[in-house]
file coords16.csv (CSV, C-alpha atoms)
chain,number,residue,atom,x,y,z
A,1,MET,CA,-0.5,-6.1,-2.5
A,2,GLY,CA,0.6,-2.8,-4.0
A,3,SER,CA,-0.5,-1.4,-7.4
A,4,MET,CA,1.4,-2.2,-10.6
A,5,THR,CA,0.2,1.0,-12.2
A,6,GLY,CA,2.9,2.4,-14.5
A,7,LYS,CA,4.6,-1.0,-14.9
A,8,THR,CA,4.7,-3.0,-18.2
A,9,ALA,CA,4.5,-6.8,-18.2
A,10,VAL,CA,5.4,-9.2,-21.0
A,11,VAL,CA,3.8,-12.6,-20.8
A,12,THR,CA,4.7,-15.3,-23.3
A,13,GLY,CA,2.0,-17.7,-24.3
A,14,GLY,CA,-0.6,-15.3,-22.9
A,15,SER,CA,-3.7,-15.9,-25.0
A,16,ARG,CA,-5.1,-19.0,-23.2
A,17,GLY,CA,-5.1,-21.0,-20.0
A,18,ILE,CA,-2.6,-20.0,-17.4
A,19,GLY,CA,-1.0,-17.3,-19.5
A,20,ARG,CA,-4.3,-15.6,-20.1
A,21,ALA,CA,-5.1,-15.7,-16.3
A,22,ILE,CA,-1.7,-14.2,-15.6
A,23,CYS,CA,-2.2,-11.4,-18.1
A,24,LEU,CA,-5.6,-10.5,-16.6
A,25,GLU,CA,-4.4,-10.6,-13.0
A,26,LEU,CA,-1.5,-8.3,-13.8
A,27,ALA,CA,-3.8,-6.0,-15.6
A,28,ARG,CA,-6.3,-5.9,-12.7
A,29,ARG,CA,-3.3,-4.7,-10.6
A,30,GLY,CA,-2.7,-1.9,-13.0
A,31,ALA,CA,0.1,-3.2,-15.3
A,32,ASN,CA,0.1,-2.7,-19.0
A,33,VAL,CA,0.5,-6.0,-20.8
A,34,VAL,CA,2.2,-7.3,-23.9
A,35,PHE,CA,1.7,-11.0,-24.6
A,36,SER,CA,2.8,-13.4,-27.2
A,37,TYR,CA,0.8,-16.1,-28.9
A,38,ALA,CA,1.7,-18.8,-31.4
A,39,GLY,CA,-1.2,-19.1,-33.7
A,40,ASN,CA,-4.7,-18.9,-32.2
A,41,THR,CA,-5.7,-15.4,-33.4
A,42,ALA,CA,-9.2,-15.7,-32.1
A,43,ALA,CA,-8.1,-16.4,-28.5
A,44,ALA,CA,-5.5,-13.7,-28.7
A,45,GLU,CA,-8.0,-11.1,-29.8
A,46,LYS,CA,-10.4,-12.1,-27.0
A,47,THR,CA,-7.7,-11.8,-24.4
A,48,LEU,CA,-6.6,-8.5,-25.8
A,49,ALA,CA,-10.2,-7.1,-25.6
A,50,GLU,CA,-10.5,-8.3,-22.0
A,51,LEU,CA,-7.3,-6.6,-21.1
A,52,LYS,CA,-8.4,-3.3,-22.7
A,53,GLU,CA,-11.7,-3.5,-20.8
A,54,LEU,CA,-9.7,-3.4,-17.6
A,55,GLY,CA,-8.4,0.0,-18.6
A,56,VAL,CA,-4.7,-0.8,-19.4
A,57,GLU,CA,-2.6,-0.6,-22.5
A,58,ALA,CA,-2.2,-4.0,-24.1
A,59,ARG,CA,-0.6,-5.5,-27.2
A,60,ALA,CA,-0.7,-9.0,-28.7
A,61,VAL,CA,2.3,-10.2,-30.7
A,62,GLN,CA,2.3,-13.3,-32.7
A,63,GLY,CA,5.5,-15.3,-32.9
A,64,ASP,CA,7.6,-18.2,-31.9
A,65,VAL,CA,9.7,-17.4,-28.8
A,66,ALA,CA,12.2,-20.0,-29.8
A,67,ASP,CA,13.1,-17.7,-32.7
A,68,PRO,CA,15.7,-15.1,-31.5
A,69,ALA,CA,14.2,-12.4,-33.8
A,70,ALA,CA,10.7,-13.0,-32.5
A,71,ALA,CA,11.8,-13.0,-28.9
A,72,LYS,CA,13.5,-9.6,-29.4
A,73,ALA,CA,10.6,-8.2,-31.3
A,74,LEU,CA,8.3,-9.1,-28.3
A,75,ILE,CA,10.5,-7.3,-25.8
A,76,ASP,CA,11.0,-4.4,-28.2
A,77,THR,CA,7.2,-3.9,-28.5
A,78,ALA,CA,7.0,-3.4,-24.7
A,79,VAL,CA,10.0,-1.0,-24.7
A,80,LYS,CA,9.2,1.0,-27.7
A,81,GLU,CA,5.4,1.2,-27.5
A,82,LEU,CA,4.7,1.0,-23.8
A,83,GLY,CA,7.8,2.7,-22.4
A,84,GLY,CA,9.8,-0.2,-20.9
A,85,ILE,CA,9.6,-3.7,-19.5
A,86,HIS,CA,9.4,-4.2,-15.7
A,87,ILE,CA,7.9,-7.7,-15.5
A,88,LEU,CA,8.6,-10.8,-17.7
A,89,VAL,CA,6.7,-14.0,-17.3
A,90,ASN,CA,8.0,-16.9,-19.4
A,91,ASN,CA,4.9,-19.0,-19.7
A,92,ALA,CA,4.9,-20.3,-23.3
A,93,GLY,CA,5.2,-24.1,-23.4
A,94,ILE,CA,4.3,-27.1,-25.4
A,95,THR,CA,4.2,-30.9,-24.9
A,96,ARG,CA,5.2,-33.7,-27.2
A,97,ASP,CA,4.7,-36.7,-24.8
A,98,ASN,CA,6.0,-40.2,-25.4
A,99,LEU,CA,8.1,-42.9,-23.7
A,100,ALA,CA,11.8,-42.3,-24.1
A,101,MET,CA,12.4,-45.4,-26.1
A,102,VAL,CA,10.1,-44.2,-28.9
A,103,LEU,CA,10.3,-40.4,-28.5
A,104,LYS,CA,11.2,-38.8,-31.8
A,105,GLU,CA,14.3,-36.5,-31.7
A,106,GLU,CA,12.3,-33.7,-33.4
A,107,ASP,CA,9.7,-33.9,-30.5
A,108,PHE,CA,12.5,-33.7,-28.0
A,109,ASP,CA,14.0,-30.7,-29.7
A,110,ALA,CA,10.7,-28.9,-30.2
A,111,VAL,CA,9.9,-29.0,-26.5
A,112,ILE,CA,13.4,-27.9,-25.4
A,113,ASN,CA,13.4,-25.1,-28.0
A,114,THR,CA,10.0,-23.6,-26.9
A,115,ASN,CA,10.0,-24.2,-23.2
A,116,LEU,CA,13.7,-23.7,-22.4
A,117,LYS,CA,15.5,-21.9,-25.2
A,118,GLY,CA,12.5,-19.5,-25.7
A,119,ALA,CA,12.6,-18.5,-22.1
A,120,PHE,CA,16.4,-17.9,-22.3
A,121,LEU,CA,16.0,-15.7,-25.4
A,122,CYS,CA,13.2,-13.6,-23.8
A,123,MET,CA,15.3,-13.1,-20.6
A,124,LYS,CA,18.4,-12.2,-22.6
A,125,ALA,CA,16.4,-9.6,-24.5
A,126,ALA,CA,14.8,-8.2,-21.4
A,127,ILE,CA,17.9,-8.0,-19.2
A,128,ARG,CA,19.4,-4.8,-20.8
A,129,PRO,CA,16.3,-2.6,-20.4
A,130,MET,CA,15.7,-3.9,-16.9
A,131,MET,CA,19.3,-3.2,-16.0
A,132,LYS,CA,19.0,0.3,-17.3
A,133,ALA,CA,16.0,0.8,-15.1
A,134,ARG,CA,17.6,-1.0,-12.2
A,135,TYR,CA,14.3,-2.8,-11.7
A,136,GLY,CA,12.9,-6.1,-12.9
A,137,ARG,CA,10.8,-9.1,-12.0
A,138,ILE,CA,11.3,-12.3,-14.0
A,139,VAL,CA,9.0,-15.3,-13.3
A,140,ASN,CA,9.6,-18.5,-15.1
A,141,MET,CA,6.9,-21.1,-15.4
A,142,SER,CA,8.3,-24.5,-14.4
A,143,SER,CA,6.3,-27.5,-13.2
A,144,VAL,CA,5.9,-30.0,-10.4
A,145,VAL,CA,7.2,-32.6,-12.8
A,146,ALA,CA,10.6,-30.8,-12.9
A,147,LEU,CA,10.9,-31.8,-9.3
A,148,ARG,CA,9.4,-35.3,-9.4
A,149,GLY,CA,9.8,-36.5,-13.0
A,150,ASN,CA,6.9,-38.1,-15.0
A,151,PRO,CA,6.8,-41.1,-17.3
A,152,GLY,CA,6.3,-40.2,-20.9
A,153,GLN,CA,7.5,-36.7,-20.4
A,154,ILE,CA,11.3,-36.9,-20.5
A,155,ASN,CA,11.5,-33.9,-22.8
A,156,TYR,CA,9.0,-31.8,-20.9
A,157,CYS,CA,10.5,-32.6,-17.5
A,158,ALA,CA,14.0,-31.7,-18.8
A,159,SER,CA,12.8,-28.4,-20.2
A,160,LYS,CA,11.1,-27.5,-16.9
A,161,ALA,CA,14.0,-28.6,-14.7
A,162,GLY,CA,16.3,-26.6,-17.0
A,163,LEU,CA,14.2,-23.5,-16.3
A,164,ILE,CA,14.9,-23.9,-12.6
A,165,GLY,CA,18.6,-24.0,-13.2
A,166,MET,CA,18.4,-20.9,-15.4
A,167,THR,CA,16.3,-19.2,-12.8
A,168,LYS,CA,18.9,-19.7,-10.1
A,169,SER,CA,21.8,-18.8,-12.3
A,170,LEU,CA,20.3,-15.6,-13.5
A,171,ALA,CA,19.1,-14.6,-10.0
A,172,LYS,CA,22.8,-14.7,-9.0
A,173,GLU,CA,23.8,-12.6,-12.0
A,174,MET,CA,21.1,-10.0,-11.6
A,175,GLY,CA,20.7,-9.8,-7.8
A,176,ALA,CA,22.7,-6.6,-7.3
A,177,ARG,CA,20.9,-4.8,-10.1
A,178,GLY,CA,17.4,-4.7,-8.7
A,179,ILE,CA,16.2,-7.6,-10.7
A,180,THR,CA,14.6,-10.7,-9.1
A,181,VAL,CA,14.3,-14.0,-10.9
A,182,ASN,CA,12.0,-16.7,-9.6
A,183,ALA,CA,10.1,-19.8,-10.8
A,184,VAL,CA,6.6,-21.1,-10.2
A,185,ALA,CA,6.0,-24.8,-10.4
A,186,PRO,CA,2.3,-25.6,-11.0
A,187,GLY,CA,0.9,-29.0,-10.2
A,188,TYR,CA,-2.3,-30.4,-11.7
A,189,ILE,CA,-4.1,-27.3,-13.1
A,190,ALA,CA,-7.4,-27.5,-14.9
A,191,THR,CA,-6.6,-26.3,-18.4
A,192,ASP,CA,-7.2,-27.4,-22.0
A,193,MET,CA,-3.9,-29.4,-21.8
A,194,THR,CA,-4.9,-31.4,-18.7
A,195,ALA,CA,-8.5,-31.8,-20.0
A,196,ALA,CA,-7.1,-33.9,-22.8
A,197,LEU,CA,-5.8,-36.5,-20.3
A,198,PRO,CA,-7.6,-39.8,-19.9
A,199,ASP,CA,-10.0,-39.9,-16.9
A,200,ALA,CA,-7.9,-42.5,-15.2
A,201,ALA,CA,-4.8,-40.3,-15.4
A,202,ARG,CA,-6.7,-37.3,-13.9
A,203,GLU,CA,-8.1,-39.4,-11.1
A,204,ALA,CA,-4.7,-40.8,-10.3
A,205,MET,CA,-3.3,-37.3,-10.0
A,206,LEU,CA,-6.2,-36.1,-7.9
A,207,SER,CA,-5.5,-38.9,-5.4
A,208,THR,CA,-2.0,-37.4,-4.7
A,209,ILE,CA,-3.2,-33.9,-4.0
A,210,PRO,CA,-3.9,-33.1,-0.3
A,211,ALA,CA,-6.1,-30.2,-1.3
A,212,ASN,CA,-8.4,-32.7,-3.1
A,213,ARG,CA,-9.0,-30.6,-6.2
A,214,PRO,CA,-7.1,-29.5,-9.3
A,215,GLY,CA,-5.8,-26.0,-9.2
A,216,THR,CA,-7.1,-23.2,-11.4
A,217,PRO,CA,-5.2,-20.9,-13.7
A,218,GLU,CA,-6.2,-18.1,-11.3
A,219,ASP,CA,-4.4,-19.9,-8.5
A,220,VAL,CA,-1.2,-19.8,-10.5
A,221,ALA,CA,-1.7,-16.2,-11.6
A,222,ALA,CA,-2.0,-15.1,-8.0
A,223,ALA,CA,1.4,-16.6,-7.2
A,224,VAL,CA,3.0,-15.1,-10.3
A,225,ALA,CA,1.5,-11.6,-9.4
A,226,PHE,CA,3.0,-11.8,-5.9
A,227,LEU,CA,6.5,-12.7,-7.3
A,228,ALA,CA,6.1,-9.9,-9.8
A,229,SER,CA,5.2,-7.3,-7.2
A,230,GLU,CA,7.4,-4.7,-5.5
A,231,GLU,CA,6.7,-6.5,-2.2
A,232,ALA,CA,8.6,-9.5,-3.4
A,233,GLY,CA,11.8,-7.5,-3.9
A,234,TYR,CA,13.8,-9.6,-1.5
A,235,ILE,CA,12.8,-13.0,-2.9
A,236,THR,CA,15.0,-14.3,-5.7
A,237,GLY,CA,16.2,-17.6,-7.0
A,238,GLN,CA,13.3,-19.4,-5.5
A,239,VAL,CA,10.8,-22.0,-6.8
A,240,LEU,CA,7.2,-21.6,-5.5
A,241,SER,CA,5.1,-24.7,-5.9
A,242,VAL,CA,1.4,-24.1,-6.6
A,243,ASP,CA,0.2,-27.7,-6.4
A,244,GLY,CA,-2.2,-28.1,-3.5
A,245,GLY,CA,0.5,-30.1,-1.7
A,246,MET,CA,1.0,-32.6,-4.5
A,247,GLY,CA,4.8,-32.3,-4.4
A,248,MET,CA,5.2,-33.1,-0.7
call {"tool": "encode", "arguments": {"input": "coords16.csv", "output": "structure tokens"}}
result
Amino acid sequence: MGSMTGKTAVVTGGSRGIGRAICLELARRGANVVFSYAGNTAAAEKTLAELKELGVEARAVQGDVADPAAAKALIDTAVKELGGIHILVNNAGITRDNLAMVLKEEDFDAVINTNLKGAFLCMKAAIRPMMKARYGRIVNMSSVVALRGNPGQINYCASKAGLIGMTKSLAKEMGARGITVNAVAPGYIATDMTAALPDAAREAMLSTIPANRPGTPEDVAAAVAFLASEEAGYITGQVLSVDGGMGM
């Protein structure tokens, strides 16, 4: 895969887990990286230091991507301090799981606002500079549950399915302008979020995976890096499942 030297990537939710792995993978390929984080300053500083050790320019921006001003400030940081935005990865996401009959309205809204509206706001802010450059790679982080559903996650599934719809719509709007828009749908990935699941739930998921192992954040990062590369310039509006066969 070709070098990303000279490109600037913005990754939301980039301080930990899959987001951190994406930041580091893009940096290894030469991209400068701006990432957002919600509140874990220690994790953000650690990731920032790791990025700089790879020899690229890097910035960490604290903020809530569901806030229009914060989303714009994130993109503006890339444009004003690092010369532009060429890659946007909408990775920030939260869960507020519960069965639909007892799910609180505020928990439904919180997940939709962060996972879906936040991605929209970042894409909206990034489109204009990408159009001006006539180049852009947008990758939205969906989930295998967007394609299959999952009990107790009606809000999360709705947000991740909505991302697929937005991906396809924006791909059609931006296709003639040198901007691709794709989604990655991870399956069971070993992260802090999945580590909190009960043992029985993790074993049940593993039993559905032909690869017979959970994925790693690096597995997802490799797929994102491909879709963010110049070589993927004729791929748009697609959903790439990174799930070890779980979704078959």
call {"tool": "residues_around", "arguments": {"input": "coords16.csv", "residues": "Ala100 in chain A", "least_positions_apart": "5", "cutoff": "8 Å", "atoms": "only C-alpha atoms", "output": "MDAnalysis selection string"}}
result
chainID A and resid 152:154
call {"tool": "atom_distance", "arguments": {"input": "coords16.csv", "atom1": "CA of Val33 in chain A", "atom2": "CA of Lys7 in chain A"}}
result
8.8 Å
call {"tool": "closest_atom_pairs", "arguments": {"input": "coords16.csv", "of": "range 82-113 of chain A", "to": "range 219-226 of chain A", "cutoff": "12 Å", "atoms": "all atoms listed in the file", "output": "CSV"}}
result
residue,atom,partner,partner_atom,distance
A:Ile87,CA,A:Ala225,CA,9.7
A:Leu88,CA,A:Val224,CA,10.2
A:Val89,CA,A:Val224,CA,8.0
A:Asn90,CA,A:Val224,CA,10.5
A:Asn91,CA,A:Val224,CA,10.4
call {"tool": "residues_around", "arguments": {"input": "coords16.csv", "residues": "Arg128 in chain A", "least_positions_apart": "4", "cutoff": "12 Å", "atoms": "only C-alpha atoms", "output": "compact mmCIF listing (two decimals) with C-alpha atoms, in the frame of the given file"}}
result
# COMPACT_ATOMS: atom_id res chain seq x y z
CA LYS A 72 13.50 -9.60 -29.40
CA ILE A 75 10.50 -7.30 -25.80
CA ASP A 76 11.00 -4.40 -28.20
CA VAL A 79 10.00 -1.00 -24.70
CA GLY A 84 9.80 -0.20 -20.90
CA ILE A 85 9.60 -3.70 -19.50
CA HIS A 86 9.40 -4.20 -15.70
CA CYS A 122 13.20 -13.60 -23.80
CA MET A 123 15.30 -13.10 -20.60
CA LYS A 124 18.40 -12.20 -22.60
CA LYS A 132 19.00 0.30 -17.30
CA ALA A 133 16.00 0.80 -15.10
CA ARG A 134 17.60 -1.00 -12.20
CA TYR A 135 14.30 -2.80 -11.70
CA GLY A 136 12.90 -6.10 -12.90
CA MET A 174 21.10 -10.00 -11.60
CA ARG A 177 20.90 -4.80 -10.10
CA ILE A 179 16.20 -7.60 -10.70
call {"tool": "residues_around", "arguments": {"input": "coords16.csv", "residues": "Asp64 in chain A", "least_positions_apart": "6", "cutoff": "10 Å", "atoms": "only C-alpha atoms", "output": "PDB file with C-alpha atoms, in the frame of the given file"}}
result
ATOM      1  CA  THR A  12       4.700 -15.300 -23.300  1.00  0.00           C
ATOM      2  CA  GLY A  13       2.000 -17.700 -24.300  1.00  0.00           C
ATOM      3  CA  SER A  36       2.800 -13.400 -27.200  1.00  0.00           C
ATOM      4  CA  TYR A  37       0.800 -16.100 -28.900  1.00  0.00           C
ATOM      5  CA  ALA A  38       1.700 -18.800 -31.400  1.00  0.00           C
ATOM      6  CA  GLY A  39      -1.200 -19.100 -33.700  1.00  0.00           C
ATOM      7  CA  ALA A  70      10.700 -13.000 -32.500  1.00  0.00           C
ATOM      8  CA  ALA A  71      11.800 -13.000 -28.900  1.00  0.00           C
ATOM      9  CA  LEU A  74       8.300  -9.100 -28.300  1.00  0.00           C
ATOM     10  CA  ALA A  92       4.900 -20.300 -23.300  1.00  0.00           C
ATOM     11  CA  ASN A 113      13.400 -25.100 -28.000  1.00  0.00           C
ATOM     12  CA  THR A 114      10.000 -23.600 -26.900  1.00  0.00           C
ATOM     13  CA  GLY A 118      12.500 -19.500 -25.700  1.00  0.00           C
TER      14      GLY A 118
END
call {"tool": "atom_distance", "arguments": {"input": "coords16.csv", "atom1": "CA of Ala158 in chain A", "atom2": "CA of Ala185 in chain A"}}
result
13.5 Å
call {"tool": "closest_residue", "arguments": {"input": "coords16.csv", "among": "A:Leu82, A:Asn40, A:Asn155, A:Val61", "to": "Ile94 in chain A", "atoms": "all atoms listed in the file"}}
result
A:Asn155
call {"tool": "residues_around", "arguments": {"input": "coords16.csv", "residues": "Val144 in chain A", "least_positions_apart": "5", "cutoff": "10 Å", "atoms": "only C-alpha atoms", "output": "ChimeraX atom specification"}}
result
/A:149-150,157,160-161,184-188,240-243,246-247
